[in-house]
$ cat target39.pdb   # PDB, C-alpha atoms, pLDDT in the B column
ATOM      1  CA  ILE C 653       0.000   0.000   0.000  1.00 79.00           C
ATOM      2  CA  ASP C 654       1.504   3.333  -1.071  1.00 82.00           C
ATOM      3  CA  PHE C 655       0.401   6.573   0.604  1.00 81.00           C
ATOM      4  CA  SER C 656       1.769  10.020   1.395  1.00 83.00           C
ATOM      5  CA  THR C 657       1.785  12.217   4.461  1.00 85.00           C
ATOM      6  CA  ARG C 658       1.247  15.979   4.417  1.00 85.00           C
ATOM      7  CA  THR C 659       4.044  18.180   5.678  1.00 86.00           C
ATOM      8  CA  CYS C 660       2.842  21.326   3.926  1.00 87.00           C
ATOM      9  CA  SER C 661       0.258  22.204   1.276  1.00 87.00           C
ATOM     10  CA  ASN C 662      -1.419  24.986  -0.672  1.00 89.00           C
ATOM     11  CA  PHE C 663      -4.022  25.140  -3.426  1.00 87.00           C
ATOM     12  CA  GLU C 664      -1.356  24.127  -5.976  1.00 87.00           C
ATOM     13  CA  GLY C 665      -0.073  20.896  -4.335  1.00 87.00           C
ATOM     14  CA  VAL C 666       0.819  18.839  -1.280  1.00 86.00           C
ATOM     15  CA  CYS C 667       4.318  18.111   0.024  1.00 87.00           C
ATOM     16  CA  GLY C 668       5.106  15.165   2.272  1.00 88.00           C
ATOM     17  CA  GLU C 669       6.755  11.784   2.533  1.00 92.00           C
ATOM     18  CA  ILE C 670       5.786   8.792   0.435  1.00 92.00           C
ATOM     19  CA  HIS C 671       5.302   5.635   2.512  1.00 89.00           C
ATOM     20  CA  HIS C 672       4.919   2.039   1.568  1.00 89.00           C
ATOM     21  CA  CYS C 673       3.334  -0.654   3.727  1.00 85.00           C
ATOM     22  CA  THR C 674       3.463  -4.360   2.908  1.00 87.00           C
ATOM     23  CA  VAL C 675       1.078  -6.619   4.802  1.00 85.00           C
ATOM     24  CA  ASP C 676       1.305 -10.395   4.856  1.00 88.00           C
ATOM     25  CA  VAL C 677      -2.271 -11.649   4.647  1.00 85.00           C
ATOM     26  CA  PRO C 678      -2.396 -15.442   4.864  1.00 89.00           C
ATOM     27  CA  PHE C 679      -5.165 -17.147   2.949  1.00 84.00           C
ATOM     28  CA  GLU C 680      -6.301 -20.644   2.157  1.00 87.00           C
ATOM     29  CA  CYS C 681      -8.241 -21.911  -0.784  1.00 85.00           C
ATOM     30  CA  THR C 682      -9.615 -25.224  -1.946  1.00 87.00           C
ATOM     31  CA  THR C 683     -11.172 -26.026  -5.260  1.00 86.00           C
ATOM     32  CA  PRO C 684     -12.358 -29.139  -7.052  1.00 88.00           C
ATOM     33  CA  VAL C 685      -9.935 -30.383  -9.691  1.00 84.00           C
ATOM     34  CA  THR C 686     -10.972 -31.892 -13.017  1.00 83.00           C
ATOM     35  CA  PHE C 687      -8.307 -34.349 -14.127  1.00 79.00           C
ATOM     36  CA  PHE C 688      -7.449 -34.856 -17.781  1.00 79.00           C
ATOM     37  CA  ARG C 689      -5.756 -38.075 -16.747  1.00 77.00           C
ATOM     38  CA  GLN C 690      -6.582 -39.757 -13.461  1.00 77.00           C
ATOM     39  CA  PRO C 691      -3.892 -39.699 -10.774  1.00 75.00           C
ATOM     40  CA  GLU C 692      -1.877 -42.809 -10.109  1.00 75.00           C
ATOM     41  CA  VAL C 693      -3.831 -45.316  -8.039  1.00 80.00           C
ATOM     42  CA  LEU C 694      -2.427 -45.517  -4.529  1.00 82.00           C
ATOM     43  CA  ARG C 695      -0.766 -48.832  -3.909  1.00 86.00           C
ATOM     44  CA  THR C 696      -1.316 -50.051  -0.394  1.00 91.00           C
ATOM     45  CA  ASN C 697       1.105 -51.906   1.832  1.00 93.00           C
ATOM     46  CA  SER C 698       0.464 -55.544   2.618  1.00 93.00           C
ATOM     47  CA  ARG C 699       1.647 -57.980   5.217  1.00 93.00           C
ATOM     48  CA  GLN C 700       0.955 -61.711   5.108  1.00 93.00           C
ATOM     49  CA  GLU C 701       1.912 -64.385   7.559  1.00 90.00           C
ATOM     50  CA  PHE C 702       2.649 -67.952   6.586  1.00 88.00           C
ATOM     51  CA  GLU C 703       3.641 -71.079   8.422  1.00 87.00           C
ATOM     52  CA  PHE C 704       4.992 -74.497   7.721  1.00 86.00           C
ATOM     53  CA  LEU C 705       3.269 -77.704   8.690  1.00 83.00           C
ATOM     54  CA  LYS C 706       4.831 -79.515  11.599  1.00 84.00           C
ATOM     55  CA  GLU C 707       4.198 -83.199  12.290  1.00 83.00           C
ATOM     56  CA  GLU C 708       4.859 -84.577  15.800  1.00 82.00           C
ATOM     57  CA  ASP C 709       4.101 -87.697  17.724  1.00 79.00           C
ATOM     58  CA  LEU C 710       1.151 -87.369  20.071  1.00 81.00           C
ATOM     59  CA  PRO C 711       2.161 -87.033  23.743  1.00 78.00           C
ATOM     60  CA  ARG C 712      -0.218 -89.685  25.059  1.00 75.00           C
ATOM     61  CA  LYS C 713      -0.426 -93.354  24.120  1.00 75.00           C
ATOM     62  CA  ASP C 714      -4.243 -93.577  24.027  1.00 79.00           C
ATOM     63  CA  PHE C 715      -4.229 -92.523  20.324  1.00 78.00           C
ATOM     64  CA  ALA C 716      -3.721 -94.880  17.401  1.00 77.00           C
ATOM     65  CA  GLU C 717      -0.132 -95.649  16.511  1.00 74.00           C
ATOM     66  CA  LYS C 718      -0.459 -94.001  13.091  1.00 77.00           C
ATOM     67  CA  ASP C 719      -1.989 -90.775  14.483  1.00 83.00           C
ATOM     68  CA  LYS C 720       0.257 -87.696  14.457  1.00 81.00           C
ATOM     69  CA  LEU C 721      -0.176 -84.147  15.765  1.00 79.00           C
ATOM     70  CA  LEU C 722      -0.385 -81.882  12.690  1.00 80.00           C
ATOM     71  CA  SER C 723      -0.032 -78.166  13.402  1.00 82.00           C
ATOM     72  CA  GLY C 724       1.744 -75.004  12.402  1.00 82.00           C
ATOM     73  CA  ASP C 725       5.298 -74.688  13.660  1.00 81.00           C
ATOM     74  CA  LEU C 726       4.971 -72.361  16.653  1.00 78.00           C
ATOM     75  CA  SER C 727       8.731 -72.083  17.063  1.00 81.00           C
ATOM     76  CA  GLU C 728       8.996 -69.666  14.132  1.00 85.00           C
ATOM     77  CA  PHE C 729       7.173 -66.626  12.769  1.00 88.00           C
ATOM     78  CA  ASN C 730       7.202 -65.982   9.006  1.00 90.00           C
ATOM     79  CA  GLN C 731       5.784 -63.108   7.033  1.00 92.00           C
ATOM     80  CA  VAL C 732       5.992 -61.365   3.658  1.00 94.00           C
ATOM     81  CA  SER C 733       5.793 -57.557   3.793  1.00 95.00           C
ATOM     82  CA  GLU C 734       5.341 -55.336   0.786  1.00 94.00           C
ATOM     83  CA  GLU C 735       5.685 -51.568   1.157  1.00 94.00           C
ATOM     84  CA  PHE C 736       5.019 -48.935  -1.499  1.00 89.00           C
ATOM     85  CA  PHE C 737       6.258 -45.359  -1.493  1.00 87.00           C
ATOM     86  CA  ASN C 738       3.613 -43.532  -3.511  1.00 85.00           C
ATOM     87  CA  GLU C 739       4.608 -40.292  -5.174  1.00 84.00           C
ATOM     88  CA  LEU C 740       2.692 -37.295  -3.842  1.00 86.00           C
ATOM     89  CA  PRO C 741       1.157 -34.952  -6.403  1.00 85.00           C
ATOM     90  CA  PHE C 742       2.752 -31.497  -6.399  1.00 90.00           C
ATOM     91  CA  CYS C 743       2.032 -28.098  -7.952  1.00 91.00           C
ATOM     92  CA  GLU C 744       3.873 -25.662 -10.164  1.00 95.00           C
ATOM     93  CA  LEU C 745       2.703 -22.064 -10.455  1.00 95.00           C
ATOM     94  CA  LEU C 746       2.202 -21.165 -14.131  1.00 97.00           C
ATOM     95  CA  SER C 747       0.839 -17.633 -13.792  1.00 97.00           C
ATOM     96  CA  SER C 748      -0.915 -15.243 -11.437  1.00 96.00           C
ATOM     97  CA  ARG C 749      -3.239 -12.292 -11.886  1.00 97.00           C
ATOM     98  CA  ILE C 750      -4.167  -9.891  -9.084  1.00 93.00           C
ATOM     99  CA  ILE C 751      -6.994  -7.391  -9.334  1.00 95.00           C
ATOM    100  CA  GLU C 752      -6.874  -4.810  -6.511  1.00 91.00           C
ATOM    101  CA  PHE C 753      -9.493  -2.405  -5.229  1.00 90.00           C
ATOM    102  CA  ASP C 754      -8.408   0.154  -2.609  1.00 86.00           C
ATOM    103  CA  GLU C 755     -11.091   2.182  -0.860  1.00 88.00           C
ATOM    104  CA  LEU C 756     -10.187   5.095   1.392  1.00 85.00           C
ATOM    105  CA  ILE C 757     -12.564   5.034   4.355  1.00 88.00           C
ATOM    106  CA  ASN C 758     -13.935   8.316   5.820  1.00 86.00           C
ATOM    107  CA  ARG C 759     -12.172  10.592   3.326  1.00 86.00           C
ATOM    108  CA  ARG C 760     -12.606  14.175   4.422  1.00 86.00           C
ATOM    109  CA  ARG C 761     -11.437  17.619   3.443  1.00 85.00           C
ATOM    110  CA  PRO C 762     -10.310  19.677   6.429  1.00 84.00           C
ATOM    111  CA  SER C 763     -11.653  23.240   6.321  1.00 83.00           C
ATOM    112  CA  ASP C 764      -8.668  24.822   8.082  1.00 85.00           C
ATOM    113  CA  ILE C 765      -5.957  23.662   5.589  1.00 85.00           C
ATOM    114  CA  ASP C 766      -5.271  24.857   2.045  1.00 88.00           C
ATOM    115  CA  LEU C 767      -5.348  21.832  -0.331  1.00 85.00           C
ATOM    116  CA  PRO C 768      -5.899  21.280  -4.055  1.00 86.00           C
ATOM    117  CA  PHE C 769      -9.627  20.619  -4.615  1.00 80.00           C
ATOM    118  CA  GLU C 770      -9.204  16.840  -5.258  1.00 83.00           C
ATOM    119  CA  GLU C 771      -7.105  16.072  -2.160  1.00 85.00           C
ATOM    120  CA  ARG C 772      -8.604  14.534   0.987  1.00 84.00           C
ATOM    121  CA  PHE C 773      -7.357  13.072   4.283  1.00 83.00           C
ATOM    122  CA  PHE C 774      -8.092   9.558   5.468  1.00 83.00           C
ATOM    123  CA  ARG C 775      -6.989   7.336   8.349  1.00 84.00           C
ATOM    124  CA  LYS C 776      -8.314   3.984   7.204  1.00 87.00           C
ATOM    125  CA  ILE C 777      -8.029   2.041   3.958  1.00 86.00           C
ATOM    126  CA  GLU C 778      -9.818  -1.107   2.852  1.00 88.00           C
ATOM    127  CA  GLU C 779      -8.198  -3.235   0.206  1.00 87.00           C
ATOM    128  CA  LYS C 780      -9.938  -6.004  -1.683  1.00 90.00           C
ATOM    129  CA  MET C 781      -8.302  -8.377  -4.124  1.00 90.00           C
ATOM    130  CA  VAL C 782      -9.185 -11.070  -6.572  1.00 92.00           C
ATOM    131  CA  ILE C 783      -6.256 -13.448  -6.934  1.00 91.00           C
ATOM    132  CA  GLU C 784      -6.208 -15.812  -9.878  1.00 93.00           C
ATOM    133  CA  LEU C 785      -3.578 -18.517  -9.775  1.00 92.00           C
ATOM    134  CA  ARG C 786      -2.921 -20.906 -12.620  1.00 93.00           C
ATOM    135  CA  LEU C 787      -1.371 -24.129 -11.375  1.00 92.00           C
ATOM    136  CA  LYS C 788      -0.136 -27.305 -12.941  1.00 91.00           C
ATOM    137  CA  ILE C 789      -0.677 -30.403 -10.784  1.00 88.00           C
ATOM    138  CA  LEU C 790       1.962 -33.038 -11.438  1.00 87.00           C
ATOM    139  CA  GLN C 791       2.769 -36.531 -10.263  1.00 84.00           C
ATOM    140  CA  LYS C 792       5.851 -38.576 -11.074  1.00 83.00           C
ATOM    141  CA  ARG C 793       4.914 -41.905 -12.625  1.00 77.00           C
ATOM    142  CA  GLN C 794       6.695 -45.053 -13.701  1.00 75.00           C
ATOM    143  CA  VAL C 795       6.374 -45.706 -17.422  1.00 75.00           C
ATOM    144  CA  THR C 796       6.945 -49.063 -19.089  1.00 80.00           C
ATOM    145  CA  ILE C 797       8.679 -48.735 -22.440  1.00 85.00           C
ATOM    146  CA  PRO C 798       8.195 -51.827 -24.601  1.00 86.00           C
ATOM    147  CA  PRO C 799      11.265 -53.437 -26.173  1.00 85.00           C
ATOM    148  CA  THR C 800      12.255 -52.281 -29.641  1.00 80.00           C
ATOM    149  CA  PRO C 801      12.058 -54.984 -32.324  1.00 75.00           C
ATOM    150  CA  THR C 802      15.453 -55.854 -33.809  1.00 71.00           C
ATOM    151  CA  SER C 803      14.134 -57.301 -37.071  1.00 69.00           C
ATOM    152  CA  GLY C 804      11.008 -57.101 -39.173  1.00 66.00           C
ATOM    153  CA  PRO C 805       8.719 -54.111 -39.753  1.00 67.00           C
ATOM    154  CA  GLY C 806       9.413 -51.219 -37.401  1.00 63.00           C
ATOM    155  CA  ALA C 807      12.939 -52.434 -36.598  1.00 62.00           C
ATOM    156  CA  ILE C 808      15.675 -49.888 -35.997  1.00 61.00           C
ATOM    157  CA  GLU C 809      18.834 -50.526 -37.946  1.00 59.00           C
ATOM    158  CA  ASN C 810      21.772 -48.132 -38.021  1.00 56.00           C
ATOM    159  CA  ASN C 811      19.567 -45.368 -36.544  1.00 56.00           C
ATOM    160  CA  LYS C 812      17.118 -45.641 -39.451  1.00 55.00           C
ATOM    161  CA  VAL C 813      13.628 -47.120 -39.393  1.00 51.00           C
ATOM    162  CA  LYS C 814      12.925 -49.866 -41.974  1.00 51.00           C
ATOM    163  CA  LYS C 815       9.744 -49.501 -43.969  1.00 50.00           C
TER     164      LYS C 815
END
$ encode --input "target39.pdb" --output "structure tokens"
Amino acid sequence: IDFSTRTCSNFEGVCGEIHHCTVDVPFECTTPVTFFRQPEVLRTNSRQEFEFLKEEDLPRKDFAEKDKLLSGDLSEFNQVSEEFFNELPFCELLSSRIIEFDELINRRRPSDIDLPFEERFFRKIEEKMVIELRLKILQKRQVTIPPTPTSGPGAIENNKVKK
């Protein structure tokens, strides 16, 4: 915000210091996004346990001779873990456009001071803005590139494509 003070004045002009005030006004915004291509599907982590069959003789003799105790081996713990590190989408700022409207509140013309006819005093200012931001939302993705044929139609030979 740029403004001036009045040190002296007459009907021809106003003399004073020019001041500048910068104000940090935090803001938040959310908006729905229409995707041209859907974001990468999140891959979720998985954890699976497995065990091996253990065969033991039964502890008591009142079972048939051929009977065995079949169970998982409790002396070991086995698992397969799969963990994925998904890429977060991120933004790049492409352009911005700011439309400002400054309104001087309670502008008045003092009667006891000589001023040019268009000049007024004020002690309060209201500033309104429309901020347009153009963003690009990106996400790194893995791409599979198929193998290049070495013979036949479409083969690359000596940096030239066969037709």
$ resolve_selection --input "target39.pdb" --expression "the PyMOL selection byres ((chain C and resi 691) around 12)" --output "PyMOL selection string"
chain C and resi 685-690+692-695+738-742+789-793
$ atom_distance --input "target39.pdb" --atom1 "atom CA of Gln731 of chain C" --atom2 "atom CA of Glu703 of chain C"
8.4 Å
$ resolve_selection --input "target39.pdb" --expression "the PyMOL selection byres ((chain C and resi 729) around 9)" --output "number ranges by chain"
C: 701-703, 725-728, 730-731
$ resolve_selection --input "target39.pdb" --expression "the PyMOL selection byres ((chain C and resi 670) around 12)" --output "ChimeraX atom specification"
/C:653-659,666-669,671-673
$ atom_distance --input "target39.pdb" --atom1 "atom CA of Ile750 of chain C" --atom2 "atom CA of Leu785 of chain C"
8.7 Å
$ atom_distance --input "target39.pdb" --atom1 "atom CA of Val675 of chain C" --atom2 "atom CA of Lys776 of chain C"
14.4 Å
$ residues_around --input "target39.pdb" --residues "Pro768 of chain C" --least-positions-apart "3" --cutoff "6 Å" --atoms "only C-alpha atoms" --output "PyMOL selection string"
chain C and resi 663-665+771
$ closest_residue --input "target39.pdb" --among "C:Leu756, C:Leu710, C:Leu722, C:Val732" --to "Lys780 of chain C" --atoms "only C-alpha atoms"
C:Leu756
$ closest_residue --input "target39.pdb" --among "C:Lys718, C:Ser747, C:Pro711, C:Arg772" --to "Arg759 of chain C" --atoms "all atoms listed in the file"
C:Arg772
$ residues_near_point --input "target39.pdb" --point "(-3.1, -23.8, -7.7)" --cutoff "9 Å" --atoms "only C-alpha atoms" --output "list in words"
Cys681, Thr682, Thr683, Cys743, Glu744, Leu745, Leu746, Glu784, Leu785, Arg786, Leu787, Lys788 and Ile789 of chain C
$ axis_aligned_box --input "target39.pdb" --around "segment 749-764 of chain C" --padding-each-side "3 Å" --output "AutoDock Vina command-line options"
--center_x -8.6 --center_y 6.3 --center_z -1.9 --size_x 16.7 --size_y 43.1 --size_z 26.0
$ closest_residue --input "target39.pdb" --among "C:Met781, C:Phe736, C:Thr802, C:Arg761" --to "Arg699 of chain C" --atoms "all atoms listed in the file"
C:Phe736
$ closest_residue --input "target39.pdb" --among "C:Thr796, C:Thr696, C:Asn758, C:Ser748" --to "Ile783 of chain C" --atoms "all atoms listed in the file"
C:Ser748
$ decode --input "target39.pdb" --residues "segment 705-742 of chain C" --atoms "N, CA and C atoms" --output "compact mmCIF listing (two decimals), in the first residue's frame"
# COMPACT_ATOMS: atom_id res chain seq x y z
N LEU C 705 3.90 -76.61 7.97
CA LEU C 705 3.27 -77.70 8.69
C LEU C 705 4.31 -78.45 9.51
N LYS C 706 3.94 -78.76 10.72
CA LYS C 706 4.83 -79.52 11.60
C LYS C 706 4.09 -80.79 12.01
N GLU C 707 4.78 -81.90 11.92
CA GLU C 707 4.20 -83.20 12.29
C GLU C 707 4.96 -83.74 13.48
N GLU C 708 4.23 -84.07 14.59
CA GLU C 708 4.86 -84.58 15.80
C GLU C 708 4.09 -85.80 16.29
N ASP C 709 4.78 -86.59 17.06
CA ASP C 709 4.10 -87.70 17.72
C ASP C 709 3.20 -87.14 18.80
N LEU C 710 2.07 -87.80 19.03
CA LEU C 710 1.15 -87.37 20.07
C LEU C 710 1.74 -87.70 21.44
N PRO C 711 1.51 -86.84 22.45
CA PRO C 711 2.16 -87.03 23.74
C PRO C 711 1.60 -88.21 24.55
N ARG C 712 0.36 -88.60 24.28
CA ARG C 712 -0.22 -89.68 25.06
C ARG C 712 -0.32 -90.94 24.20
N LYS C 713 -0.39 -92.08 24.84
CA LYS C 713 -0.43 -93.35 24.12
C LYS C 713 -1.84 -93.86 23.85
N ASP C 714 -2.89 -93.10 24.26
CA ASP C 714 -4.24 -93.58 24.03
C ASP C 714 -4.77 -93.18 22.64
N PHE C 715 -3.88 -92.77 21.71
CA PHE C 715 -4.23 -92.52 20.32
C PHE C 715 -3.68 -93.68 19.49
N ALA C 716 -4.21 -93.83 18.30
CA ALA C 716 -3.72 -94.88 17.40
C ALA C 716 -2.26 -94.63 17.07
N GLU C 717 -1.58 -95.71 16.78
CA GLU C 717 -0.13 -95.65 16.51
C GLU C 717 0.20 -94.76 15.30
N LYS C 718 -0.71 -94.77 14.32
CA LYS C 718 -0.46 -94.00 13.09
C LYS C 718 -0.83 -92.53 13.25
N ASP C 719 -1.57 -92.18 14.30
CA ASP C 719 -1.99 -90.77 14.48
C ASP C 719 -0.78 -89.90 14.81
N LYS C 720 -0.81 -88.69 14.22
CA LYS C 720 0.26 -87.70 14.46
C LYS C 720 -0.41 -86.36 14.78
N LEU C 721 0.29 -85.51 15.50
CA LEU C 721 -0.18 -84.15 15.76
C LEU C 721 0.29 -83.28 14.60
N LEU C 722 -0.68 -82.75 13.83
CA LEU C 722 -0.38 -81.88 12.69
C LEU C 722 -0.75 -80.45 13.09
N SER C 723 0.22 -79.56 13.03
CA SER C 723 -0.03 -78.17 13.40
C SER C 723 0.99 -77.27 12.73
N GLY C 724 0.75 -75.95 12.87
CA GLY C 724 1.74 -75.00 12.40
C GLY C 724 2.93 -75.02 13.36
N ASP C 725 4.09 -74.71 12.83
CA ASP C 725 5.30 -74.69 13.66
C ASP C 725 5.30 -73.41 14.48
N LEU C 726 5.05 -73.53 15.78
CA LEU C 726 4.97 -72.36 16.65
C LEU C 726 6.34 -71.84 17.07
N SER C 727 7.39 -72.53 16.67
CA SER C 727 8.73 -72.08 17.06
C SER C 727 9.29 -71.03 16.11
N GLU C 728 8.52 -70.69 15.07
CA GLU C 728 9.00 -69.67 14.13
C GLU C 728 7.83 -68.79 13.70
N PHE C 729 8.16 -67.58 13.28
CA PHE C 729 7.17 -66.63 12.77
C PHE C 729 7.66 -66.18 11.40
N ASN C 730 6.81 -66.30 10.38
CA ASN C 730 7.20 -65.98 9.01
C ASN C 730 6.19 -65.01 8.42
N GLN C 731 6.70 -64.04 7.69
CA GLN C 731 5.78 -63.11 7.03
C GLN C 731 6.43 -62.54 5.78
N VAL C 732 5.57 -62.07 4.87
CA VAL C 732 5.99 -61.37 3.66
C VAL C 732 5.40 -59.97 3.77
N SER C 733 6.24 -58.94 3.71
CA SER C 733 5.79 -57.56 3.79
C SER C 733 6.11 -56.87 2.47
N GLU C 734 5.14 -56.11 2.01
CA GLU C 734 5.34 -55.34 0.79
C GLU C 734 4.98 -53.90 1.11
N GLU C 735 5.90 -52.97 0.82
CA GLU C 735 5.69 -51.57 1.16
C GLU C 735 5.88 -50.72 -0.09
N PHE C 736 4.95 -49.81 -0.33
CA PHE C 736 5.02 -48.94 -1.50
C PHE C 736 5.21 -47.49 -1.04
N PHE C 737 6.00 -46.77 -1.78
CA PHE C 737 6.26 -45.36 -1.49
C PHE C 737 5.64 -44.55 -2.64
N ASN C 738 4.36 -44.24 -2.48
CA ASN C 738 3.61 -43.53 -3.51
C ASN C 738 4.13 -42.11 -3.66
N GLU C 739 4.19 -41.67 -4.89
CA GLU C 739 4.61 -40.29 -5.17
C GLU C 739 3.45 -39.35 -4.87
N LEU C 740 3.71 -38.29 -4.12
CA LEU C 740 2.69 -37.29 -3.84
C LEU C 740 2.54 -36.37 -5.05
N PRO C 741 1.31 -35.99 -5.39
CA PRO C 741 1.16 -34.95 -6.40
C PRO C 741 1.76 -33.64 -5.88
N PHE C 742 2.21 -32.79 -6.78
CA PHE C 742 2.75 -31.50 -6.40
C PHE C 742 2.34 -30.46 -7.43
